[in-house]
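Each remark here refers to the structure printed beneath this line.
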Amino acid sequence: MPRVDCLKATPIARTIRVRQIEGMFDVVPSERSECRWSATLPIEERPWSIGAIVGPSGSGKSTLARELFGIDVPGIEGFPWPRESSLLDGFPESLGVKEIVALLSSVGFSSPPAWLRPFHVLSTGEQFRVTLARALAESRLGRPGGPGLVVIDEFTSVVDRTVAQIGSAAVAKAVRGSQQRLVAVSCHYDILDWLDPDWTYEPATDRFQWRCLQGRPTIELTVMRVGAEAWPLFRSHHYLSSQLSPSAKCFVAFVGDRPAAITAVIHRPDSKGGYWAEHRTVCRPDFQGVGIGNALSELVASFFVATGKRYCSRTSHPAMMRHRARSPNWRLTSRPNVSRRHHGKKFVGLNKSAALTRYTAGFRYVGPAHEKQTALAMIGWMHHACEVRRSGVRCPGVQSL
């Protein structure tokens, strides 16, 4: 049973100003300032994956975490990163590219264009995700804190609260899926339901508590038909061409009043009368890792199959491939392969995104069709305005929106 008795003493230089404050506030003169903490955490009594040390600033969270786990606890800037090179080059050399991609995707940072940038130019939300991926990578190699243990100080302190909650849920999913352990040190209580820790400890009250896993809160999405003017919010995060077909029908999922993901659909002709094709699906980095992109994709697919035509999609994104391979709503029509159908041809415009050198897989949506009247209104085949509200995006696994 880990126990720590910690005394932190700091010398006081008794300058004129210090003596004035002592006199003004009747502070007992002293040559040093002392803070003492004692804690006992029965974390060896049960198996666990995620713990949280929470409380106000100055309550001793960081000091206790450092003493309890015997490590220098990193915060968001706790790792060295190359100044000029891609963030990918900051990960341990022993890791292959596929392992790094899997780590970044697991914490909800699935934006290949952003992977190519140096760490210091990323947004604070992106830096938060990358730091967590790096911590998981270092932990697997036995540093810091020993194999399988990750301790992060100032957890979510540098991001806004919506991003903090979504990010906490994504990280919890990644940690439990990797059979590693995470201790989050934070002054924010609003992440606890989203992180869903197995135990919490509050130094301010010396209160330790085991928790029953409850699953994270439901995320409510508002899905609306939009015009092409919404695309600039998402195009820099798409892993292929940033162009959008002029004929695309676009749908955006909002979390509150914030646009989180977009799906665009186009019609393609064939000998059977044509079919609907998913043209673009992009989830903004702040909202990745909890299934919003896949849930929006499936909801939009349910609109279009209500027209009586097929709905197909081709993707090279590993996380989307894995989801669809497991989902009863999709049927694999083309196994992952490198397309050679257009070998030697020159591509212009939108065709630059054709799969020439990357693995792609084809899928057909075989899930339920949406209620027809609402579906046709969303697509634009009926004239009255329409908005769809549903809930139920959950992890692990994604349930219908």
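A note on labels: chains of the structure tokens are A, B, ... as shown, every chain counts residues from 1, and ligands are counted from 1 in their shown order.
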
Please provide as a PyMOL selection string all residues within 8 Å of range 265-270 of chain A, with the sequence filter that same-chain residues fewer than 6 positions apart are discarded (counting only C-alpha atoms). chain A and resi 245+247-250+276-280

For the structure I just gave you, how does DSSP split range 173-398 of chain A - specifically, which residues are helix (DSSP H, G or I)? Reply as a count of residues only. 58

Quick one: residues within 6 Å of range 3-20 of chain A, only C-alpha atoms, excluding same-chain residues fewer than 5 positions away - as a short mmCIF file (atom, residue, chain, number, x, y, z; two decimals) with N, CA and C atoms, in the first residue's frame?
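Saved the output as part15.cif:
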data_model
loop_
_atom_site.label_atom_id
_atom_site.label_comp_id
_atom_site.auth_asym_id
_atom_site.auth_seq_id
_atom_site.Cartn_x
_atom_site.Cartn_y
_atom_site.Cartn_z
N GLU A 31 12.46 31.51 9.40
CA GLU A 31 13.57 31.43 8.45
C GLU A 31 13.23 30.55 7.25
N ARG A 32 12.13 29.79 7.35
CA ARG A 32 11.73 28.95 6.22
C ARG A 32 10.23 28.67 6.26
N SER A 33 9.71 28.37 5.08
CA SER A 33 8.30 28.00 4.93
C SER A 33 8.20 26.49 4.77
N GLU A 34 7.27 25.87 5.49
CA GLU A 34 7.14 24.42 5.45
C GLU A 34 5.71 24.01 5.09
N CYS A 35 5.63 22.99 4.23
CA CYS A 35 4.36 22.35 3.92
C CYS A 35 4.54 20.85 4.11
N ARG A 36 3.60 20.22 4.77
CA ARG A 36 3.71 18.79 5.04
C ARG A 36 2.47 18.07 4.52
N TRP A 37 2.69 16.93 3.87
CA TRP A 37 1.59 16.11 3.36
C TRP A 37 1.82 14.65 3.75
N SER A 38 0.75 13.99 4.07
CA SER A 38 0.79 12.55 4.31
C SER A 38 -0.36 11.92 3.53
N ALA A 39 -0.09 10.79 2.92
CA ALA A 39 -1.13 10.15 2.11
C ALA A 39 -0.91 8.65 2.09
N THR A 40 -2.02 7.92 2.11
CA THR A 40 -2.00 6.48 1.95
C THR A 40 -3.02 6.11 0.87
#

Using only C-alpha atoms for the distances, tell me which of A:Trp48, A:Trp81, A:Phe69, A:Phe254 is nearest to Met224 in chain A. A:Phe254

DSSP-assigned strand (DSSP E or B) among range 3-151 of chain A, expressed as number ranges by chain: A: 3-11, 32-40, 50-54, 149-151

With C-alpha atoms kept, could you save the residues just selected as a PDB file, in the first residue's frame?
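Okay, this is what ended up in result-v6.pdb:
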ATOM      1  CA  ARG A   3       2.270   5.701   1.614  1.00  0.00           C
ATOM      2  CA  VAL A   4       4.130   8.965   1.654  1.00  0.00           C
ATOM      3  CA  ASP A   5       5.043  11.491   4.340  1.00  0.00           C
ATOM      4  CA  CYS A   6       6.408  14.547   2.638  1.00  0.00           C
ATOM      5  CA  LEU A   7       7.873  17.747   4.036  1.00  0.00           C
ATOM      6  CA  LYS A   8       8.647  20.572   1.643  1.00  0.00           C
ATOM      7  CA  ALA A   9      10.719  23.363   3.150  1.00  0.00           C
ATOM      8  CA  THR A  10      11.717  26.586   1.416  1.00  0.00           C
ATOM      9  CA  PRO A  11      14.143  29.155   2.882  1.00  0.00           C
ATOM     10  CA  ARG A  32      11.734  28.954   6.215  1.00  0.00           C
ATOM     11  CA  SER A  33       8.300  28.004   4.933  1.00  0.00           C
ATOM     12  CA  GLU A  34       7.139  24.422   5.453  1.00  0.00           C
ATOM     13  CA  CYS A  35       4.355  22.348   3.918  1.00  0.00           C
ATOM     14  CA  ARG A  36       3.709  18.787   5.042  1.00  0.00           C
ATOM     15  CA  TRP A  37       1.592  16.107   3.362  1.00  0.00           C
ATOM     16  CA  SER A  38       0.786  12.546   4.314  1.00  0.00           C
ATOM     17  CA  ALA A  39      -1.128  10.149   2.115  1.00  0.00           C
ATOM     18  CA  THR A  40      -2.002   6.475   1.953  1.00  0.00           C
ATOM     19  CA  ILE A  50      -7.003   4.875 -14.440  1.00  0.00           C
ATOM     20  CA  GLY A  51      -6.608   6.960 -11.305  1.00  0.00           C
ATOM     21  CA  ALA A  52      -7.063  10.665 -10.664  1.00  0.00           C
ATOM     22  CA  ILE A  53      -5.456  12.953  -8.088  1.00  0.00           C
ATOM     23  CA  VAL A  54      -7.621  16.073  -7.971  1.00  0.00           C
ATOM     24  CA  LEU A 149       2.429   3.470 -15.925  1.00  0.00           C
ATOM     25  CA  VAL A 150       1.734   6.993 -17.178  1.00  0.00           C
ATOM     26  CA  VAL A 151       1.441   9.955 -14.793  1.00  0.00           C
TER      27      VAL A 151
END

Given only C-alpha atoms as the basis, pick out the residue of A:Ala253, A:Cys312, A:Ala65, A:Val121 nearest to Gly274 in chain A.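 Checking each of A:Ala253, A:Cys312, A:Ala65, A:Val121 against Gly274 in chain A, counting only C-alpha atoms, the winner is A:Cys312.
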
Selected residue, from A:Thr63, A:Thr200, A:Thr333, A:Ser313, that lies nearest to Ile43 in chain A when counting only C-alpha atoms: A:Thr200

Would you pick out the contacts of Ile379 in chain A at 8 Å or less, using only C-alpha atoms, so that residues sharing its chain but fewer than 6 positions from it are not included, and give the list as a PyMOL selection string? chain A and resi 225+249+303-304

Same residues, N, CA and C atoms, output as a JSON list (two decimals), in the first residue's frame:
[["chain", "number", "residue", "atom", "x", "y", "z"],
["A", 225, "ARG", "N", -27.86, 20.11, -42.43],
["A", 225, "ARG", "CA", -27.41, 20.27, -43.81],
["A", 225, "ARG", "C", -26.82, 21.66, -43.95],
["A", 249, "LYS", "N", -23.08, 17.26, -51.30],
["A", 249, "LYS", "CA", -24.08, 17.61, -50.29],
["A", 249, "LYS", "C", -23.40, 17.45, -48.93],
["A", 303, "PHE", "N", -29.53, 8.47, -44.25],
["A", 303, "PHE", "CA", -30.36, 9.38, -45.03],
["A", 303, "PHE", "C", -30.41, 8.95, -46.50],
["A", 304, "PHE", "N", -29.23, 8.66, -47.05],
["A", 304, "PHE", "CA", -29.15, 8.44, -48.49],
["A", 304, "PHE", "C", -29.67, 7.07, -48.92]]

Between CA of Ala228 in chain A and CA of Pro246 in chain A, measure the distance and give it in Å to one decimal.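 Taking CA of Ala228 in chain A as the start and CA of Pro246 in chain A as the end point, the length is 7.8 Å.
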
Among listed residues A:Asp26, A:Pro285, A:Ile262, A:Gly362, nearest Thr124 in chain A (using only C-alpha atoms):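 Distance minimum relative to Thr124 in chain A lands on A:Pro285.
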
What separation in Å, quoted to one decimal, exists between CA of Leu299 in chain A and CA of Ser271 in chain A?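 One can read the CA of Leu299 in chain A to CA of Ser271 in chain A distance as 26.5 Å.
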
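The space separating CA of Asp193 in chain A from CA of Val171 in chain A comes to 12.9 Å.
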
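Among the candidates A:Cys283, A:Ala369, A:Ala184, A:Ala306, the residue lying nearest to Ser62 in chain A is A:Ala184 (atoms considered: only C-alpha atoms).
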